[in-house]
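Read the structure below first, then the notes.
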Amino acid sequence: MKISNSSDFLQLIKSYISLDNKARAFQSKHFEPEEETGLKVFERVELKEDLFFSNVWFESCEFRNCKFEGVKFSGGSFSHCEFHDCVFLNCDILFVDFFNVEFTNVLFSGGTIGECVFADVSLVNTTFFKCRDLIEIRFGNCSFSNAIFEASRLSHLTFETLVDIELRKLNFKSCHVEHCTFYWFNLDHTVFENCSIDLSVFNNSRILPTTFSANNTTSHEKVNLIDLQTILKSEIEASTLELHFGIHNSAIRSYILEMVSKMEMHTVFISYSFCDKVIANRINEALKARGVFTFLWEKDSPAGQRLKKIMSYNVNKFDKLLFIASQNSLKSEACHFELSNGRKKQEKYWDLVLFPIHIDNFLFEVDEEDIPRKARAEFWKNIEELREINSLDFSAFNSADIDQSVFEVAIDRLVKALRKNYK
């Protein structure tokens, strides 16, 4: 089905979505194609500045040669949509999520984009130009092919990926980049030109000499943060380390390499029940504070992907599966899915992957007959495997009131066991 003028577009939207004529606001409806017509294509539609889309969900729609001028979007989402040769001029896009969306030859100019999520989005020849504000936006597992941010203010943007994406050519030109985070992000084909870069974070990323041009600036009191893994992975000019990160020792990489080679840590996927999230977060923060790279679902799971795909991919990506054993987790189908993946990885590589700690005694008290028949065979294999491994006792820390000094000792013991050269 193809719509090729603005009035037909508005009539079609009205048939799905309630319109407050006084406010010219489309409100709180889900717009999606009917099964018999398939994808809806909107071509050469022009929407003007008196329109406001509030909590509207667009699904499986294609926009070609469309122009949105002064249109306001607040809430809602675009899912499995495509934008080709489109322009967003002076549009405000707030609290909108983009899932599995393709942008090709798209221009965002003027306006504000804020509190948005771009998950598994493709941005090809897409430019953000002279935007008033780009603020609180998360780009998760996105591909960038000649994507450009130019003459715009970027604040609290997060660029992260937990999968390897080959297509990533990203340019920042004459932008103010502040409080932005690049996490697990390969910057081989990313260039910052004539930008002010302040108080931003580069975590477990890769930087090349071509990433930062000589005409960028960083305020002395607003240096950026860089972690050890990024320094080790990267080829960073001494002038870049000094200007942007306040590091004056050009031999810092060699020093870090010597230091971490003596205590190289396994990366850790933390498997837990959401019922035990308080202690899971407590353990996660303590491990991160000691330099252990972790994956905790509540903090690190990307939006817009199938749950089991995220679980299986990251169990295989991280060295160890730290399983927080409890009555809650051992009755959880999701936790057993992660355990089964970890056990299969263990059997494949003949290497110990599962690393249990327990916060109650259910692991040692449950009998095979206690498990529902449907799940019994697989669940019991996982439990038997866990019982063969020495489990650290964290039951004393499964409450709000804990002895912090005793907890730190237990964490130190856990970290020691996570050293790659630990025997």
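All residue names refer to the structure tokens as shown: chains lettered A, B, ... in order, residues numbered from 1 in each chain, ligands numbered from 1 in order.
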Would you mind writing down, as a PyMOL selection string, each residue of segment 2-214 of chain A that DSSP on the backbone assigns to alpha helix (DSSP H)? chain A and resi 6-16
Out of segment 76-123 of chain A, which residues get strand (DSSP E) from DSSP, as number ranges by chain? A: 76-79, 82-84, 87-89, 92-94, 97-99, 102-104, 107-109, 112-119, 122-123
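Nearest residue to Glu242 of chain A among A:His220, A:Lys277, A:Lys420, A:His358 is A:His220, counting only C-alpha atoms.
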Of the candidates A:Phe397, A:Phe269, A:Phe274, A:Phe245, which shows the shortest atom-to-atom distance to Asn341 of chain A, using only C-alpha atoms? A:Phe269
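Residue nearest Ser109 of chain A within the list A:Thr127, A:Ser174, A:Ser405, A:Asn186: A:Thr127 [criterion: smallest interatomic distance, only C-alpha atoms].
Using only C-alpha atoms, the nearest neighbour of Ile231 of chain A within the list A:Thr217, A:Asn204, A:Asp198, A:Ile113 is A:Asn204.
Atom CA of Cys61 of chain A to atom CA of Ile310 of chain A spans 26.1 Å [interatomic distance, one decimal].
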Find the residues around segment 136-150 of chain A up to 7 Å (only C-alpha atoms counted), leave out those fewer than 4 positions away in its own chain, and share them as a CSV table (one decimal) with N, CA, C and O atoms, in the first residue's frame.
```csv
chain,number,residue,atom,x,y,z
A,114,GLY,N,16.0,14.1,22.3
A,114,GLY,CA,16.4,13.8,23.7
A,114,GLY,C,15.6,12.6,24.3
A,114,GLY,O,14.5,12.3,23.9
A,115,GLU,N,16.3,11.9,25.2
A,115,GLU,CA,15.7,10.8,26.0
A,115,GLU,C,15.2,9.7,25.0
A,115,GLU,O,14.1,9.2,25.2
A,116,CYS,N,16.0,9.4,24.0
A,116,CYS,CA,15.6,8.5,22.9
A,116,CYS,C,16.6,7.2,23.0
A,116,CYS,O,17.7,7.3,23.4
A,117,VAL,N,16.1,6.1,22.4
A,117,VAL,CA,16.9,4.9,22.3
A,117,VAL,C,16.9,4.5,20.8
A,117,VAL,O,15.9,4.5,20.2
A,118,PHE,N,18.1,4.3,20.3
A,118,PHE,CA,18.3,3.8,19.0
A,118,PHE,C,18.9,2.4,19.2
A,118,PHE,O,20.1,2.2,19.5
A,119,ALA,N,18.1,1.3,18.9
A,119,ALA,CA,18.6,0.0,19.2
A,119,ALA,C,18.5,-0.8,17.9
A,119,ALA,O,17.5,-0.9,17.2
A,120,ASP,N,19.7,-1.4,17.5
A,120,ASP,CA,19.8,-2.2,16.3
A,120,ASP,C,19.4,-1.4,15.1
A,120,ASP,O,18.6,-1.8,14.3
A,121,VAL,N,19.8,-0.1,15.1
A,121,VAL,CA,19.4,0.8,14.0
A,121,VAL,C,20.6,1.0,13.0
A,121,VAL,O,21.8,1.0,13.4
A,122,SER,N,20.3,1.1,11.7
A,122,SER,CA,21.3,1.3,10.7
A,122,SER,C,21.2,2.8,10.2
A,122,SER,O,20.1,3.3,9.9
A,123,LEU,N,22.3,3.5,10.3
A,123,LEU,CA,22.4,4.9,9.9
A,123,LEU,C,23.4,5.0,8.7
A,123,LEU,O,24.6,4.9,8.9
A,124,VAL,N,22.8,5.1,7.5
A,124,VAL,CA,23.6,5.2,6.3
A,124,VAL,C,23.5,6.6,5.7
A,124,VAL,O,22.4,7.0,5.4
A,125,ASN,N,24.6,7.3,5.5
A,125,ASN,CA,24.6,8.6,4.9
A,125,ASN,C,23.6,9.5,5.7
A,125,ASN,O,22.7,10.2,5.1
A,126,THR,N,23.6,9.4,7.0
A,126,THR,CA,22.6,10.1,7.8
A,126,THR,C,23.4,11.2,8.6
A,126,THR,O,24.4,10.9,9.2
A,127,THR,N,22.8,12.4,8.6
A,127,THR,CA,23.5,13.6,9.2
A,127,THR,C,22.6,14.2,10.3
A,127,THR,O,21.4,14.4,10.0
A,128,PHE,N,23.2,14.5,11.4
A,128,PHE,CA,22.6,15.4,12.4
A,128,PHE,C,23.3,16.7,12.4
A,128,PHE,O,24.5,16.9,12.8
A,129,PHE,N,22.6,17.8,11.8
A,129,PHE,CA,23.3,19.1,11.5
A,129,PHE,C,22.6,20.2,12.2
A,129,PHE,O,21.4,20.4,12.2
A,130,LYS,N,23.5,21.0,13.0
A,130,LYS,CA,23.0,22.1,13.7
A,130,LYS,C,21.8,21.8,14.5
A,130,LYS,O,20.8,22.6,14.6
A,155,SER,N,25.2,15.8,24.4
A,155,SER,CA,25.4,15.7,25.9
A,155,SER,C,24.7,14.4,26.3
A,155,SER,O,23.6,14.1,26.0
A,156,HIS,N,25.5,13.6,27.1
A,156,HIS,CA,25.0,12.4,27.7
A,156,HIS,C,24.5,11.4,26.6
A,156,HIS,O,23.5,10.7,26.8
A,157,LEU,N,25.3,11.3,25.5
A,157,LEU,CA,25.0,10.2,24.5
A,157,LEU,C,25.8,9.0,24.9
A,157,LEU,O,26.9,9.1,25.3
A,158,THR,N,25.3,7.8,24.6
A,158,THR,CA,26.0,6.6,24.8
A,158,THR,C,26.0,5.8,23.5
A,158,THR,O,25.0,5.5,22.9
A,159,PHE,N,27.3,5.4,23.1
A,159,PHE,CA,27.5,4.6,22.0
A,159,PHE,C,28.0,3.3,22.5
A,159,PHE,O,29.1,3.3,23.1
A,160,GLU,N,27.3,2.2,22.3
A,160,GLU,CA,27.8,0.9,22.9
A,160,GLU,C,27.4,-0.2,22.0
A,160,GLU,O,26.4,-0.1,21.2
A,161,THR,N,28.2,-1.2,22.0
A,161,THR,CA,27.8,-2.4,21.2
A,161,THR,C,28.4,-3.6,22.0
A,161,THR,O,29.5,-3.6,22.5
A,162,LEU,N,27.6,-4.7,22.0
A,162,LEU,CA,28.0,-6.0,22.6
A,162,LEU,C,28.2,-7.0,21.5
A,162,LEU,O,28.5,-8.2,21.8
A,163,VAL,N,28.1,-6.6,20.3
A,163,VAL,CA,28.4,-7.5,19.2
A,163,VAL,C,29.3,-6.8,18.2
A,163,VAL,O,29.4,-5.6,18.2
A,165,ILE,N,30.3,-5.2,14.9
A,165,ILE,CA,29.6,-4.7,13.7
A,165,ILE,C,30.7,-4.1,12.8
A,165,ILE,O,31.4,-3.2,13.2
A,167,LEU,N,30.3,-2.5,9.9
A,167,LEU,CA,29.9,-1.2,9.3
A,167,LEU,C,29.9,-0.1,10.4
A,167,LEU,O,28.9,0.0,11.1
A,168,ARG,N,30.9,0.7,10.5
A,168,ARG,CA,30.9,1.7,11.5
A,168,ARG,C,31.8,2.9,11.1
A,168,ARG,O,32.9,2.9,11.5
A,169,LYS,N,31.3,3.8,10.2
A,169,LYS,CA,32.0,4.9,9.8
A,169,LYS,C,31.3,6.1,10.4
A,169,LYS,O,30.2,6.5,9.9
A,170,LEU,N,31.9,6.8,11.3
A,170,LEU,CA,31.2,7.8,12.1
A,170,LEU,C,32.0,9.1,12.3
A,170,LEU,O,33.2,9.0,12.7
A,171,ASN,N,31.5,10.3,11.9
A,171,ASN,CA,32.3,11.5,12.0
A,171,ASN,C,31.6,12.5,12.9
A,171,ASN,O,30.3,12.7,12.8
A,172,PHE,N,32.4,13.1,13.7
A,172,PHE,CA,31.9,14.2,14.6
A,172,PHE,C,32.6,15.5,14.1
A,172,PHE,O,33.9,15.6,14.2
A,173,LYS,N,31.9,16.5,13.6
A,173,LYS,CA,32.5,17.7,13.1
A,173,LYS,C,32.0,19.0,13.8
A,173,LYS,O,30.8,19.2,13.8
A,174,SER,N,32.9,19.7,14.3
A,174,SER,CA,32.5,21.0,15.0
A,174,SER,C,31.4,20.8,16.0
A,174,SER,O,30.5,21.7,16.0
A,175,CYS,N,31.5,19.8,16.8
A,175,CYS,CA,30.5,19.5,17.8
A,175,CYS,C,31.0,19.8,19.2
A,175,CYS,O,32.2,19.7,19.4
A,302,PRO,N,21.3,-5.1,25.9
A,302,PRO,CA,20.9,-4.1,24.8
A,302,PRO,C,19.4,-4.3,24.6
A,302,PRO,O,18.8,-5.3,24.6
```
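With only C-alpha atoms as the atoms that count, the minimum distance from Arg290 of chain A to the choices A:Asn316, A:Arg419, A:His80, A:Val56 is reached by A:Arg419.
Near Phe407 of chain A, within 12 Å and counting only C-alpha atoms, sit Ile279, Arg282, Ile283, Ala286, Leu287, Asp393, Phe394, Ser395, Ala396, Phe397, Asn398, Ser399, Asp401, Ile402, Asp403, Gln404, Ser405, Val409, Ala410, Ile411, Asp412, Arg413 and Leu414 of chain A, not including residues fewer than 2 positions from it in the same chain.
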Go ahead and dump the residues you just picked, N, CA and C atoms, as a compact mmCIF listing (two decimals), in the first residue's frame.
```
# COMPACT_ATOMS: atom_id res chain seq x y z
N ILE A 279 21.65 -8.21 45.76
CA ILE A 279 22.99 -8.76 45.99
C ILE A 279 23.75 -8.88 44.68
N ARG A 282 25.20 -5.56 44.07
CA ARG A 282 26.26 -5.32 45.06
C ARG A 282 27.55 -6.02 44.63
N ILE A 283 27.44 -7.27 44.20
CA ILE A 283 28.61 -8.03 43.76
C ILE A 283 29.18 -7.44 42.47
N ALA A 286 31.16 -4.28 43.16
CA ALA A 286 32.42 -4.59 43.85
C ALA A 286 33.44 -5.18 42.88
N LEU A 287 33.00 -6.03 41.97
CA LEU A 287 33.92 -6.60 40.98
C LEU A 287 34.43 -5.53 40.02
N ASP A 393 30.55 -19.19 49.62
CA ASP A 393 29.37 -18.90 50.44
C ASP A 393 29.20 -17.39 50.60
N PHE A 394 28.14 -16.84 49.99
CA PHE A 394 27.81 -15.43 50.11
C PHE A 394 26.47 -15.23 50.83
N SER A 395 26.03 -16.24 51.56
CA SER A 395 24.71 -16.17 52.21
C SER A 395 24.65 -15.08 53.28
N ALA A 396 25.79 -14.71 53.84
CA ALA A 396 25.78 -13.67 54.88
C ALA A 396 25.51 -12.28 54.32
N PHE A 397 25.53 -12.14 52.98
CA PHE A 397 25.40 -10.82 52.38
C PHE A 397 24.07 -10.66 51.63
N ASN A 398 23.14 -11.58 51.88
CA ASN A 398 21.85 -11.54 51.18
C ASN A 398 20.81 -10.79 52.00
N SER A 399 21.17 -9.62 52.47
CA SER A 399 20.24 -8.77 53.23
C SER A 399 20.72 -7.33 53.12
N ASP A 401 21.37 -5.29 55.61
CA ASP A 401 22.33 -4.99 56.67
C ASP A 401 23.46 -6.02 56.65
N ILE A 402 24.61 -5.63 56.13
CA ILE A 402 25.73 -6.56 56.04
C ILE A 402 26.96 -5.95 56.69
N ASP A 403 27.91 -6.79 57.04
CA ASP A 403 29.20 -6.34 57.54
C ASP A 403 30.08 -6.06 56.32
N GLN A 404 30.29 -4.78 56.01
CA GLN A 404 30.99 -4.40 54.79
C GLN A 404 32.41 -4.93 54.76
N SER A 405 33.08 -4.95 55.89
CA SER A 405 34.46 -5.42 55.91
C SER A 405 34.54 -6.91 55.59
N VAL A 409 36.25 -8.84 52.15
CA VAL A 409 37.13 -10.00 52.21
C VAL A 409 36.63 -11.09 51.26
N ALA A 410 35.32 -11.32 51.27
CA ALA A 410 34.73 -12.34 50.38
C ALA A 410 34.92 -11.96 48.91
N ILE A 411 34.75 -10.68 48.59
CA ILE A 411 34.96 -10.22 47.21
C ILE A 411 36.41 -10.39 46.80
N ASP A 412 37.34 -10.07 47.70
CA ASP A 412 38.76 -10.24 47.40
C ASP A 412 39.07 -11.70 47.09
N ARG A 413 38.45 -12.61 47.83
CA ARG A 413 38.64 -14.03 47.58
C ARG A 413 38.08 -14.41 46.20
N LEU A 414 36.93 -13.85 45.88
CA LEU A 414 36.32 -14.10 44.58
C LEU A 414 37.20 -13.56 43.45
```
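Between atom CA of Thr211 of chain A and atom CA of Thr190 of chain A the separation is 5.6 Å.
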Excluding segment 361-368 of chain A and its own-chain neighbours fewer than 2 positions away, which residues fall within 6 Å of it when counting only C-alpha atoms? Please give them as a list in words. Ser326, Gln327, Asp370 and Ile371 of chain A
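Counting from atom CA of Ala289 of chain A, the distance to atom CA of Glu178 of chain A is 23.8 Å.
If only C-alpha atoms are the atoms counted, then among A:Asn194, A:Thr210, A:Ser200, A:Ser273 the closest residue to Ser332 of chain A is A:Ser273.
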